[in-house]
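This is run.txt. It holds compact mmCIF, C-alpha atoms and all ligand atoms.
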```
# COMPACT_ATOMS: atom_id res chain seq x y z
CA MET A 1 29.07 20.76 0.73
CA LYS A 2 32.12 18.55 0.22
CA VAL A 3 31.58 15.18 -1.45
CA SER A 4 32.74 13.52 1.76
CA GLU A 5 30.13 15.49 3.73
CA ALA A 6 27.40 14.33 1.38
CA ILE A 7 28.62 10.73 1.68
CA ASN A 8 28.95 10.77 5.44
CA SER A 9 25.65 12.51 6.08
CA ARG A 10 23.72 10.19 3.78
CA ARG A 11 21.93 7.42 5.49
CA SER A 12 18.68 5.64 4.81
CA MET A 13 15.90 7.65 6.40
CA ARG A 14 12.60 5.98 7.12
CA VAL A 15 10.52 8.84 8.50
CA PHE A 16 9.99 11.87 6.27
CA LYS A 17 8.21 15.17 6.72
CA PRO A 18 5.44 15.86 4.20
CA ASP A 19 6.97 19.19 3.08
CA PRO A 20 6.85 19.31 -0.71
CA ILE A 21 9.97 19.47 -2.86
CA ALA A 22 10.27 22.03 -5.64
CA LYS A 23 10.25 20.39 -9.06
CA ALA A 24 13.21 22.62 -9.99
CA ASP A 25 15.26 21.03 -7.19
CA LEU A 26 14.38 17.56 -8.45
CA GLU A 27 15.36 18.54 -11.98
CA TRP A 28 18.68 19.85 -10.64
CA ILE A 29 19.34 16.59 -8.78
CA ILE A 30 18.43 14.41 -11.75
CA THR A 31 20.33 16.56 -14.25
CA ASN A 32 23.51 16.35 -12.17
CA ALA A 33 23.06 12.65 -11.39
CA ASN A 34 22.82 12.12 -15.14
CA ARG A 35 26.55 12.94 -15.30
CA ALA A 36 27.14 9.45 -13.85
CA ALA A 37 29.77 7.37 -15.58
CA SER A 38 28.49 4.43 -17.60
CA ASN A 39 30.42 1.92 -19.65
CA GLY A 40 30.32 3.01 -23.30
CA ASN A 41 28.32 6.02 -22.08
CA LEU A 42 25.18 3.92 -22.50
CA GLN A 43 23.36 5.87 -19.75
CA PRO A 44 21.00 2.92 -19.26
CA TRP A 45 19.00 4.28 -16.30
CA LYS A 46 15.26 4.87 -16.63
CA LEU A 47 13.72 6.98 -13.91
CA TYR A 48 10.07 7.43 -12.94
CA VAL A 49 9.39 10.32 -10.58
CA THR A 50 6.12 10.46 -8.68
CA MET A 51 4.80 13.15 -6.42
CA GLY A 52 1.44 14.44 -5.24
CA GLY A 53 -1.53 12.40 -6.41
CA ALA A 54 0.62 10.15 -8.60
CA ARG A 55 2.79 9.08 -5.67
CA GLN A 56 -0.28 8.44 -3.57
CA ARG A 57 -1.97 6.41 -6.33
CA LEU A 58 1.10 4.17 -6.61
CA SER A 59 1.21 3.67 -2.83
CA THR A 60 -2.50 2.98 -2.59
CA ALA A 61 -2.39 0.47 -5.45
CA ILE A 62 0.43 -1.53 -3.86
CA LEU A 63 -1.08 -1.47 -0.37
CA ARG A 64 -4.38 -2.60 -1.83
CA ALA A 65 -2.63 -5.48 -3.57
CA MET A 66 -1.04 -6.45 -0.25
CA ASP A 67 -4.44 -6.35 1.42
CA ASP A 68 -5.76 -8.63 -1.31
CA ASN A 69 -2.90 -11.08 -0.67
CA ASP A 70 -1.55 -10.32 -4.11
CA HIS A 71 2.18 -10.91 -3.87
CA GLY A 72 2.62 -10.78 -7.62
CA PRO A 73 5.54 -12.36 -9.43
CA GLY A 74 8.13 -10.96 -6.99
CA ALA A 75 11.36 -9.23 -7.95
CA GLU A 76 12.75 -9.97 -11.37
CA TYR A 77 16.30 -10.22 -10.11
CA ASN A 78 18.17 -11.64 -7.14
CA VAL A 79 17.67 -8.88 -4.63
CA TYR A 80 19.91 -10.87 -2.29
CA PRO A 81 22.44 -13.67 -2.80
CA ARG A 82 20.84 -17.07 -3.19
CA GLU A 83 22.71 -18.22 -0.09
CA PHE A 84 23.95 -16.13 2.78
CA THR A 85 27.38 -17.10 4.05
CA PRO A 86 27.87 -16.35 7.78
CA VAL A 87 29.54 -12.96 7.39
CA TYR A 88 26.75 -11.54 5.20
CA ASP A 89 24.07 -13.24 7.23
CA ALA A 90 25.45 -11.58 10.36
CA ARG A 91 25.50 -8.15 8.74
CA ARG A 92 21.94 -8.41 7.50
CA LYS A 93 20.68 -9.65 10.85
CA LEU A 94 22.54 -6.94 12.75
CA VAL A 95 21.05 -4.08 10.74
CA GLY A 96 17.61 -5.67 11.01
CA LYS A 97 17.95 -5.96 14.77
CA GLN A 98 19.22 -2.40 15.13
CA LEU A 99 16.45 -0.98 12.95
CA TYR A 100 13.62 -2.90 14.59
CA THR A 101 14.94 -1.98 18.05
CA LEU A 102 14.78 1.71 17.12
CA LEU A 103 11.32 1.17 15.65
CA GLY A 104 10.20 -0.41 18.89
CA VAL A 105 9.18 -3.62 17.14
CA PRO A 106 10.24 -6.56 19.31
CA ARG A 107 11.50 -9.83 17.85
CA GLY A 108 8.63 -12.08 16.81
CA ASP A 109 6.15 -9.20 16.48
CA ALA A 110 4.92 -10.21 13.03
CA ALA A 111 2.21 -7.52 12.95
CA GLY A 112 4.74 -4.81 13.83
CA MET A 113 7.12 -6.02 11.13
CA THR A 114 4.35 -6.05 8.55
CA ARG A 115 3.38 -2.52 9.59
CA GLN A 116 6.93 -1.35 9.01
CA PHE A 117 7.24 -3.26 5.75
CA ARG A 118 4.08 -1.57 4.46
CA LYS A 119 5.61 1.84 5.15
CA ASN A 120 8.04 1.10 2.35
CA TYR A 121 5.16 1.42 -0.06
CA GLU A 122 4.23 4.85 1.29
CA PHE A 123 7.83 5.85 0.56
CA PHE A 124 8.01 6.37 4.33
CA ASP A 125 5.73 9.40 3.79
CA ALA A 126 8.32 11.16 1.62
CA PRO A 127 6.67 13.55 -0.86
CA VAL A 128 8.71 12.17 -3.77
CA GLY A 129 8.84 8.53 -4.77
CA MET A 130 11.17 7.50 -7.56
CA ILE A 131 11.38 4.19 -9.36
CA LEU A 132 14.59 3.14 -11.09
CA CYS A 133 14.39 0.73 -14.02
CA VAL A 134 16.69 -0.68 -16.66
CA GLU A 135 15.98 -2.44 -19.93
CA ARG A 136 15.93 -6.20 -19.54
CA ARG A 137 18.31 -6.61 -22.47
CA MET A 138 21.05 -4.80 -20.56
CA GLY A 139 23.98 -6.72 -19.09
CA ASN A 140 25.32 -6.81 -15.55
CA GLY A 141 27.56 -3.92 -16.50
CA GLN A 142 24.61 -1.60 -17.03
CA TRP A 143 23.25 -2.50 -13.58
CA ILE A 144 26.54 -1.16 -12.20
CA ASP A 145 25.88 2.07 -14.12
CA CYS A 146 22.39 2.28 -12.61
CA GLY A 147 23.87 1.82 -9.15
CA ILE A 148 26.24 4.70 -9.74
CA PHE A 149 23.34 6.84 -10.95
CA LEU A 150 21.30 5.89 -7.87
CA ASP A 151 24.14 6.90 -5.57
CA GLN A 152 24.53 10.21 -7.35
CA LEU A 153 20.83 10.93 -6.80
CA MET A 154 21.25 10.20 -3.10
CA LEU A 155 24.37 12.33 -2.70
CA LEU A 156 23.03 15.26 -4.70
CA ALA A 157 19.88 15.17 -2.55
CA ARG A 158 22.13 15.87 0.44
CA GLU A 159 23.39 19.04 -1.18
CA LYS A 160 19.78 20.28 -1.26
CA GLY A 161 19.27 19.36 2.39
CA LEU A 162 17.22 16.32 1.39
CA HIS A 163 17.45 12.70 2.45
CA THR A 164 16.64 9.43 0.75
CA CYS A 165 16.01 5.74 1.23
CA PRO A 166 16.69 3.28 -1.60
CA GLN A 167 13.97 0.63 -1.65
CA ALA A 168 14.29 -2.75 -3.28
CA ALA A 169 10.85 -3.42 -1.75
CA PHE A 170 9.33 -1.96 -4.91
CA SER A 171 10.85 -4.68 -7.08
CA ARG A 172 8.62 -7.18 -5.31
CA TYR A 173 5.48 -5.36 -6.45
CA GLN A 174 6.88 -4.65 -9.88
CA HIS A 175 3.64 -5.74 -11.54
CA ILE A 176 1.74 -2.92 -9.79
CA VAL A 177 4.54 -0.39 -10.42
CA ARG A 178 4.50 -1.43 -14.06
CA ARG A 179 0.75 -0.97 -14.35
CA GLU A 180 0.56 2.37 -12.47
CA LEU A 181 3.56 4.05 -14.10
CA LYS A 182 3.18 2.45 -17.52
CA VAL A 183 6.67 0.95 -17.35
CA PRO A 184 7.28 -0.79 -20.68
CA ASP A 185 7.44 -4.58 -20.67
CA ASP A 186 11.10 -4.55 -21.64
CA GLN A 187 12.17 -2.80 -18.44
CA VAL A 188 13.04 -4.34 -15.09
CA VAL A 189 12.03 -2.51 -11.91
CA ILE A 190 15.26 -2.26 -9.91
CA CYS A 191 14.17 -0.29 -6.87
CA GLY A 192 12.37 2.70 -5.48
CA LEU A 193 13.87 5.78 -3.88
CA ALA A 194 12.08 7.81 -1.23
CA LEU A 195 13.20 11.43 -1.27
CA GLY A 196 12.28 14.32 0.97
CA TYR A 197 13.09 16.13 4.19
CA ALA A 198 13.81 13.62 6.93
CA ASP A 199 12.13 14.10 10.28
CA PRO A 200 15.16 14.74 12.50
CA GLY A 201 13.26 13.90 15.69
CA ALA A 202 12.12 10.47 14.51
CA VAL A 203 13.95 7.71 16.38
CA PRO A 204 14.36 5.30 13.39
CA ASN A 205 16.24 8.02 11.53
CA ASN A 206 19.01 7.78 14.14
CA LEU A 207 20.25 4.48 12.80
CA ILE A 208 23.92 4.79 11.89
CA THR A 209 24.79 1.47 10.31
CA GLU A 210 28.16 -0.17 10.81
CA ARG A 211 30.86 -0.75 8.25
CA ALA A 212 33.60 -3.33 8.17
CA PRO A 213 37.18 -2.01 8.31
CA ILE A 214 38.68 -1.53 4.85
CA SER A 215 41.21 -4.26 5.63
CA ASP A 216 38.30 -6.74 5.33
CA PHE A 217 37.90 -6.14 1.62
CA THR A 218 40.99 -4.31 0.38
CA THR A 219 44.05 -6.10 -0.95
CA TRP A 220 47.08 -3.88 -1.39
CA PHE A 221 49.98 -4.32 -3.79
CA THR A 222 52.41 -1.55 -3.04
CA GLU A 223 55.79 -2.64 -4.30
C1 LIG A 301 19.56 -1.25 -3.57
C2 LIG A 301 19.09 -1.03 -2.14
C3 LIG A 301 17.83 -1.44 -1.78
C4 LIG A 301 17.35 -1.21 -0.47
N1 LIG A 301 16.07 -1.56 -0.15
C5 LIG A 301 15.55 -1.18 1.05
C6 LIG A 301 14.17 -1.38 1.32
O1 LIG A 301 13.42 -1.93 0.51
N2 LIG A 301 13.69 -0.94 2.51
C7 LIG A 301 14.48 -0.31 3.44
O2 LIG A 301 13.98 0.08 4.49
N3 LIG A 301 15.81 -0.11 3.19
C8 LIG A 301 16.35 -0.51 2.02
N4 LIG A 301 17.68 -0.27 1.73
C9 LIG A 301 18.52 0.45 2.72
C10 LIG A 301 19.57 -0.45 3.35
O3 LIG A 301 18.99 -1.18 4.39
C11 LIG A 301 20.70 0.46 3.88
O4 LIG A 301 21.32 1.11 2.79
C12 LIG A 301 21.77 -0.28 4.66
O5 LIG A 301 21.24 -0.86 5.83
C13 LIG A 301 22.92 0.67 5.05
O6 LIG A 301 22.41 1.75 5.80
P1 LIG A 301 22.54 3.26 5.35
O7 LIG A 301 21.89 3.40 3.99
O8 LIG A 301 21.78 4.04 6.40
O9 LIG A 301 23.99 3.60 5.28
C14 LIG A 301 18.19 -0.56 0.47
C15 LIG A 301 19.47 -0.16 0.08
C16 LIG A 301 19.93 -0.38 -1.22
C17 LIG A 301 21.30 0.09 -1.62
```
Show the structure stored in the file as structure tokens.
Amino acid sequence: MKVSEAINSRRSMRVFKPDPIAKADLEWIITNANRAASNGNLQPWKLYVTMGGARQRLSTAILRAMDDNDHGPGAEYNVYPREFTPVYDARRKLVGKQLYTLLGVPRGDAAGMTRQFRKNYEFFDAPVGMILCVERRMGNGQWIDCGIFLDQLMLLAREKGLHTCPQAAFSRYQHIVRRELKVPDDQVVICGLALGYADPGAVPNNLITERAPISDFTTWFTE
């Protein structure tokens, strides 16, 4: 598979088949992702991989917390900008509208939206649920490194015929993640990553999100 094929076939999948993933394949993905560049070669990423009973226990614990109205402390970082300017607001709303249309959840259907939101915490039924963390003492630069690492995981998964969905949703329930996976106090929960075989027939998996033309964000200096 060419790098461009991995990039262009990656998209966030939100319906997975339960088929298990061989641990050797996960080790291959993580080992290769670990070649990610990082400033000063700090390699600041911390990865927690759950599968089988461990993945289910994490899901159950978070869903139970939701049922108990336990919203916890929330994410430890700004998952989104503090203020949305119109261009970003429009992009976020568009993808939300497209996704919820494919899910068959009409606007204003609060119960339907909650149902979908809860699926995040089942890793959308993927057999593997990863959690990416970084030490709190790290600077913004090391969060860039973690982002690169995360992308490498997603692209390498493609080479194994697997799909993914990155999930900031887990940062919101970081207190449960921390408790279940024994994440040390000095680490921040960045996000989750669902990984498995996507269900190709599932309508929500058909979402191909839009991208702005490169002229929107690229400034050239050619002479
Ligand atoms: C850091 C990060 C966190 C995300 N968190 C969630 C999430 O919690 N739930 C979800 O359904 N999608 C989540 N997404 C997926 C985005 O919605 C998706 O990447 C975006 O709409 C572009 O679509 P694509 O990934 O299919 O190209 C997240 C993506 C990133 C990069």
Test item: residues lying within 8 Å of ligand LIG 301 (chain A) with only C-alpha atoms and all ligand atoms, as an NGL selection string
:A and (10-14 or 79 or 92 or 95-96 or 117 or 120 or 147 or 165-170 or 190-192 or 207-210)
Taking only C-alpha atoms into account, which of A:Lys93, A:Arg118, A:Gly201, A:Val134 comes nearest Tyr77 (chain A)?
A:Val134
Suppose you want the space between CA of Pro204 (chain A) and CA of Leu63 (chain A); what is it in Å?
21.8 Å
When you look at Gly40 (chain A) with a cut-off of 12 Å (counting all atoms listed in the file), what residues show up, excluding the ones that are within fewer than 4 positions of it in the same chain? I need them as number ranges by chain.
A: 36, 44, 141-142, 145
Put those residues in a file: C-alpha atoms, as a short mmCIF file (atom, residue, chain, number, x, y, z; two decimals), keeping the file's coordinate frame.
```cif
data_model
loop_
_atom_site.label_atom_id
_atom_site.label_comp_id
_atom_site.auth_asym_id
_atom_site.auth_seq_id
_atom_site.Cartn_x
_atom_site.Cartn_y
_atom_site.Cartn_z
CA ALA A 36 27.14 9.45 -13.85
CA PRO A 44 21.00 2.92 -19.26
CA GLY A 141 27.56 -3.92 -16.50
CA GLN A 142 24.61 -1.60 -17.03
CA ASP A 145 25.88 2.07 -14.12
#
```
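CA of Arg57 (chain A) is found 23.1 Å from CA of Asp199 (chain A).
Nearest residue to Asp125 (chain A), choosing from A:Ala157, A:Leu162, A:Val15, A:Val188 and counting only C-alpha atoms: A:Val15.
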For Asn32 (chain A), list every protein, DNA or RNA residue within 8 Å, evaluated using only C-alpha atoms, and leave out those in the same chain fewer than 3 positions away; present the list as a PyMOL selection string.
chain A and resi 28-29+35-36+152+156
Considering all atoms listed in the file, can you say which of A:Gly196, A:Pro213, A:Gly52, A:Pro184 comes closest to Ala126 (chain A)?
A:Gly196
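Shortest separation to Arg172 (chain A) among A:Pro127, A:Thr219, A:Val189, A:Asn205 occurs at residue A:Val189, atoms counted being all atoms listed in the file.
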Of A:Phe217, A:Val128, A:Arg55, A:Lys119, the one nearest to Thr164 (chain A) when counting only C-alpha atoms is A:Val128
Please rebuild region 32-44 of chain A with N, CA, C and O atoms and give the result as a PDB file, in the coordinates of the input.
```pdb
ATOM      1  N   ASN A  32      22.120  16.565 -12.611  1.00  0.00           N
ATOM      2  CA  ASN A  32      23.510  16.350 -12.170  1.00  0.00           C
ATOM      3  C   ASN A  32      23.816  14.869 -12.012  1.00  0.00           C
ATOM      4  O   ASN A  32      24.920  14.422 -12.353  1.00  0.00           O
ATOM      5  N   ALA A  33      22.848  14.105 -11.532  1.00  0.00           N
ATOM      6  CA  ALA A  33      23.060  12.650 -11.390  1.00  0.00           C
ATOM      7  C   ALA A  33      23.295  12.016 -12.763  1.00  0.00           C
ATOM      8  O   ALA A  33      24.031  11.035 -12.900  1.00  0.00           O
ATOM      9  N   ASN A  34      22.712  12.623 -13.757  1.00  0.00           N
ATOM     10  CA  ASN A  34      22.820  12.120 -15.140  1.00  0.00           C
ATOM     11  C   ASN A  34      24.246  12.222 -15.674  1.00  0.00           C
ATOM     12  O   ASN A  34      24.552  11.692 -16.741  1.00  0.00           O
ATOM     13  N   ARG A  35      25.126  12.893 -14.921  1.00  0.00           N
ATOM     14  CA  ARG A  35      26.550  12.940 -15.300  1.00  0.00           C
ATOM     15  C   ARG A  35      27.251  11.650 -14.877  1.00  0.00           C
ATOM     16  O   ARG A  35      28.477  11.522 -15.063  1.00  0.00           O
ATOM     17  N   ALA A  36      26.537  10.717 -14.315  1.00  0.00           N
ATOM     18  CA  ALA A  36      27.140   9.450 -13.850  1.00  0.00           C
ATOM     19  C   ALA A  36      27.919   8.786 -14.979  1.00  0.00           C
ATOM     20  O   ALA A  36      27.519   8.842 -16.150  1.00  0.00           O
ATOM     21  N   ALA A  37      29.007   8.152 -14.602  1.00  0.00           N
ATOM     22  CA  ALA A  37      29.770   7.370 -15.580  1.00  0.00           C
ATOM     23  C   ALA A  37      28.958   6.125 -15.948  1.00  0.00           C
ATOM     24  O   ALA A  37      28.218   5.588 -15.118  1.00  0.00           O
ATOM     25  N   SER A  38      29.104   5.703 -17.202  1.00  0.00           N
ATOM     26  CA  SER A  38      28.490   4.430 -17.600  1.00  0.00           C
ATOM     27  C   SER A  38      29.351   3.849 -18.723  1.00  0.00           C
ATOM     28  O   SER A  38      29.837   4.595 -19.578  1.00  0.00           O
ATOM     29  N   ASN A  39      29.536   2.561 -18.671  1.00  0.00           N
ATOM     30  CA  ASN A  39      30.420   1.920 -19.650  1.00  0.00           C
ATOM     31  C   ASN A  39      29.878   2.165 -21.066  1.00  0.00           C
ATOM     32  O   ASN A  39      28.704   1.917 -21.342  1.00  0.00           O
ATOM     33  N   GLY A  40      30.754   2.684 -21.946  1.00  0.00           N
ATOM     34  CA  GLY A  40      30.320   3.010 -23.300  1.00  0.00           C
ATOM     35  C   GLY A  40      29.374   4.193 -23.352  1.00  0.00           C
ATOM     36  O   GLY A  40      28.758   4.461 -24.373  1.00  0.00           O
ATOM     37  N   ASN A  41      29.256   4.886 -22.222  1.00  0.00           N
ATOM     38  CA  ASN A  41      28.320   6.020 -22.080  1.00  0.00           C
ATOM     39  C   ASN A  41      26.894   5.629 -22.492  1.00  0.00           C
ATOM     40  O   ASN A  41      26.162   6.411 -23.085  1.00  0.00           O
ATOM     41  N   LEU A  42      26.523   4.394 -22.136  1.00  0.00           N
ATOM     42  CA  LEU A  42      25.180   3.920 -22.500  1.00  0.00           C
ATOM     43  C   LEU A  42      24.057   4.649 -21.756  1.00  0.00           C
ATOM     44  O   LEU A  42      22.942   4.710 -22.240  1.00  0.00           O
ATOM     45  N   GLN A  43      24.376   5.154 -20.557  1.00  0.00           N
ATOM     46  CA  GLN A  43      23.360   5.870 -19.750  1.00  0.00           C
ATOM     47  C   GLN A  43      22.056   5.054 -19.689  1.00  0.00           C
ATOM     48  O   GLN A  43      21.001   5.511 -20.120  1.00  0.00           O
ATOM     49  N   PRO A  44      22.142   3.840 -19.146  1.00  0.00           N
ATOM     50  CA  PRO A  44      21.000   2.920 -19.260  1.00  0.00           C
ATOM     51  C   PRO A  44      19.862   3.161 -18.277  1.00  0.00           C
ATOM     52  O   PRO A  44      18.833   2.492 -18.361  1.00  0.00           O
TER      53      PRO A  44
END
```
